[in-house]
Amino acid sequence: MSQSPAVPHPAPNGAAPTGDGTPSRRAPWPPDPFSYLDGRLCVGGLPLDEVVADTGTPAYVYDLDAVAAAYRRVAAAFEPLGARVLYAAKANSNLAVLATLAGLGSGFDVVSGGELVRVLRAGGDPEACVFAGVGKTTAELELAVGHGVTVHVESADELDALAEVAARLERPARFAVRVNPDVEVDTHVNIQTGHDEAKFGVPVAVAHELLARAARGELGGLIPVGVHVHVGSQLPDPDGVAAGARVGLEVLEAGRAAGLELDWLDVGGGLPVDYGGGTAIGPERFAAALATVVAGRDVRLAVEPGRALVARAGALVSKVLYRKHRSAGRMLVVDTGMHHLLRPALYQAVHRVRPLRAAPLAGPTEVVGPICESTDVLATEADLPDLAPGELVAFLDAGAYGMTMASNYNGQPRPAEIVVADGVARVARRRETWEELLASETATGASVAAIQGPAGPLGW
Ligand SMILES: Cc1ncc(COP(=O)(O)O)c(C=O)c1O
């Protein structure tokens, strides 16, 4: 993104398109829809202050054209491997985002019944969905099996629970074993998932045993299809994902040797984003690393990118409430915080903060939210102008793990979500109201029947 008001607007999605419309692999990655035009921060060519004028702030703004461009580039990178792209819905499960990706042919990686109903509502094909997560409930397994979703099983007990559900529903259920490959990657400790102390998946020996049970015919209604691995997020290079894939492949081959017809090798997500605004390692490098692992192995490969498809496409727009001057320096209090963007508090993440109106910079500024926690600091040293109450700022690269991690802590409603496509902005989700925060409670208590609404068509 350019800071200069004078720069011309970049090509659509910030990517240099090739002749066939596919973004070039030398284009900035991920594509950046935010840039200054005539001193105003714009998204997809629209001034952001106009985009949020109706909803007010705080508001998440996502550029769907940038999401689509990112998806196309990942899909094109993995196309020579015949790999399936399964978008990790946990990164951003806004219905408009999911519908955009479903419309492009993406499958989905979900980790809860709630994510699955969102994908279904957005028009996603359940047969192109996988369901991971260490703590699936019976109701969630029923929902998944009922819709033909492939379940990525993470424990022996879960496999028994899945077999019970499949038998009761009289629906054959496809499953893959999530293997913990004991691969440690150099990323924030909270997003390392493939080392042997992580809670995810089962150790290789247990994976062998689960597949052996299937080979012995002990899992009647279940159809084993292969193996799932996910070593972590925001990976510094493709080495970890390749190492994880190698371990997964060994388990898969062992299952084949035991007589099973296995071909599903899902290597998870982890494609990174440069939160400093630069270009990250592109999906082509990940595809190349995996190509050497799966060459000649006759597997159906799948990848589960989350962040790389949506992070740069989104910003959180917020209003300055107050200025504070302390001995430590300048501080701005804004109308959003860790309850809407948890990443700085949870991962010490640094998001770029930009004024919606370009102005001379006034020096490092701490930007804090209204939450009564010392960790409610969104930026420690943002380079900002001397902003006054009422002026707007945008936290960039906030399209992934932003709204999906938002909470109502301190009695705060969650932000609106606005989507931009083809030069038009639409409200995809209105801001929560105080009334909605109270909707499922009574002060006096009531029976469940009195307080619970009717089940929806999916039975949730
Ligand atoms: C199983 C699984 N797949 C995919 C992802 C997506 O990771 P990323 O957003 O880093 O691509 C995650 C993230 O936690 C995950 O747990």
# chains A, B, ... in the order shown; residues from 1 in each chain; ligands from 1

$ closest_atom_pairs --of "chain A" --to "ligand 1" --cutoff "10 Å" --atoms "only C-alpha atoms and all ligand atoms" --output "CSV"
residue,atom,partner,partner_atom_place_in_ligand_line,distance
A:Leu86,CA,ligand 1,4 (C),8.4
A:Tyr87,CA,ligand 1,4 (C),7.6
A:Ala88,CA,ligand 1,4 (C),5.1
A:Ala89,CA,ligand 1,6 (C),8.0
A:Lys90,CA,ligand 1,13 (C),7.1
A:Ala91,CA,ligand 1,9 (O),5.7
A:Asn92,CA,ligand 1,9 (O),9.3
A:Phe108,CA,ligand 1,4 (C),9.6
A:Asp109,CA,ligand 1,3 (N),6.5
A:Val110,CA,ligand 1,1 (C),8.2
A:Val111,CA,ligand 1,1 (C),7.7
A:Val130,CA,ligand 1,1 (C),9.4
A:Phe131,CA,ligand 1,1 (C),8.7
A:Ala132,CA,ligand 1,1 (C),6.0
A:Gly133,CA,ligand 1,1 (C),7.2
A:His152,CA,ligand 1,1 (C),9.0
A:Arg178,CA,ligand 1,1 (C),8.9
A:Asn190,CA,ligand 1,14 (O),9.8
A:Ile191,CA,ligand 1,14 (O),6.9
A:Gln192,CA,ligand 1,14 (O),8.9
A:Thr193,CA,ligand 1,16 (O),7.5
A:Gly194,CA,ligand 1,16 (O),10.0
A:Phe200,CA,ligand 1,16 (O),8.6
A:Gly201,CA,ligand 1,1 (C),9.5
A:His228,CA,ligand 1,1 (C),8.2
A:Val229,CA,ligand 1,1 (C),7.4
A:His230,CA,ligand 1,1 (C),5.4
A:Val231,CA,ligand 1,2 (C),8.4
A:Gly232,CA,ligand 1,10 (O),6.5
A:Ser233,CA,ligand 1,10 (O),3.5
A:Gln234,CA,ligand 1,10 (O),5.1
A:Leu235,CA,ligand 1,10 (O),7.4
A:Asp266,CA,ligand 1,3 (N),9.1
A:Val267,CA,ligand 1,3 (N),8.2
A:Gly268,CA,ligand 1,3 (N),4.5
A:Gly269,CA,ligand 1,11 (O),3.8
A:Gly270,CA,ligand 1,10 (O),3.4
A:Leu271,CA,ligand 1,11 (O),5.0
A:Pro272,CA,ligand 1,10 (O),6.5
A:Val273,CA,ligand 1,10 (O),8.8
A:Val303,CA,ligand 1,4 (C),7.8
A:Glu304,CA,ligand 1,4 (C),4.7
A:Pro305,CA,ligand 1,11 (O),3.7
A:Gly306,CA,ligand 1,9 (O),3.5
A:Arg307,CA,ligand 1,9 (O),3.8
A:Ala308,CA,ligand 1,11 (O),6.1
A:Leu309,CA,ligand 1,11 (O),8.1
A:Val310,CA,ligand 1,9 (O),8.8
A:Ala311,CA,ligand 1,9 (O),8.8
A:Ala400,CA,ligand 1,9 (O),7.3
A:Tyr401,CA,ligand 1,9 (O),8.0

$ residues_around --residues "stretch 292-295 of chain A" --least-positions-apart "2" --cutoff "9 Å" --atoms "only C-alpha atoms" --output "count of residues only"
14

$ closest_residue --among "A:Ala328, A:Ala207, A:Ile281, A:Ala398" --to "A:Ala156" --atoms "only C-alpha atoms"
A:Ala207

$ closest_atom_pairs --of "stretch 367-444 of chain A" --to "stretch 329-335 of chain A" --cutoff "7 Å" --atoms "only C-alpha atoms" --output "Markdown table"
| residue | atom | partner | partner_atom | distance |
| --- | --- | --- | --- | --- |
| A:Val367 | CA | A:Leu332 | CA | 4.9 |
| A:Val368 | CA | A:Val333 | CA | 5.0 |
| A:Gly369 | CA | A:Val334 | CA | 5.3 |
| A:Pro370 | CA | A:Asp335 | CA | 6.7 |

$ atom_distance --atom1 "atom CA of A:Ser106" --atom2 "atom CA of A:Ala139"
25.3 Å

$ select_by_dssp --residues "stretch 72-128 of chain A" --states "helix (DSSP H, G or I)" --output "number ranges by chain"
A: 72-81, 95-103, 113-121, 126-128

$ closest_residue --among "A:Ile223, A:Ala291, A:Val183, A:Val97" --to "A:Gly240" --atoms "only C-alpha atoms"
A:Val183

$ closest_residue --among "A:Tyr60, A:Phe34, A:Tyr275, A:Phe78" --to "A:Val350" --atoms "only C-alpha atoms"
A:Tyr275

$ atom_distance --atom1 "atom CA of A:Ala394" --atom2 "atom CA of A:Val353"
5.6 Å

$ closest_residue --among "A:Glu197, A:Asp160, A:Asp376, A:Glu115" --to "A:Tyr409" --atoms "only C-alpha atoms"
A:Asp376

$ atom_distance --atom1 "atom CA of A:Val427" --atom2 "atom CA of A:Glu140"
29.7 Å

$ select_by_dssp --residues "stretch 67-147 of chain A" --states "strand (DSSP E)" --output "list in words"
Arg84, Val85, Leu86, Tyr87, Ala88, Gly107, Phe108, Asp109, Val110, Cys129, Val130 and Phe131 of chain A
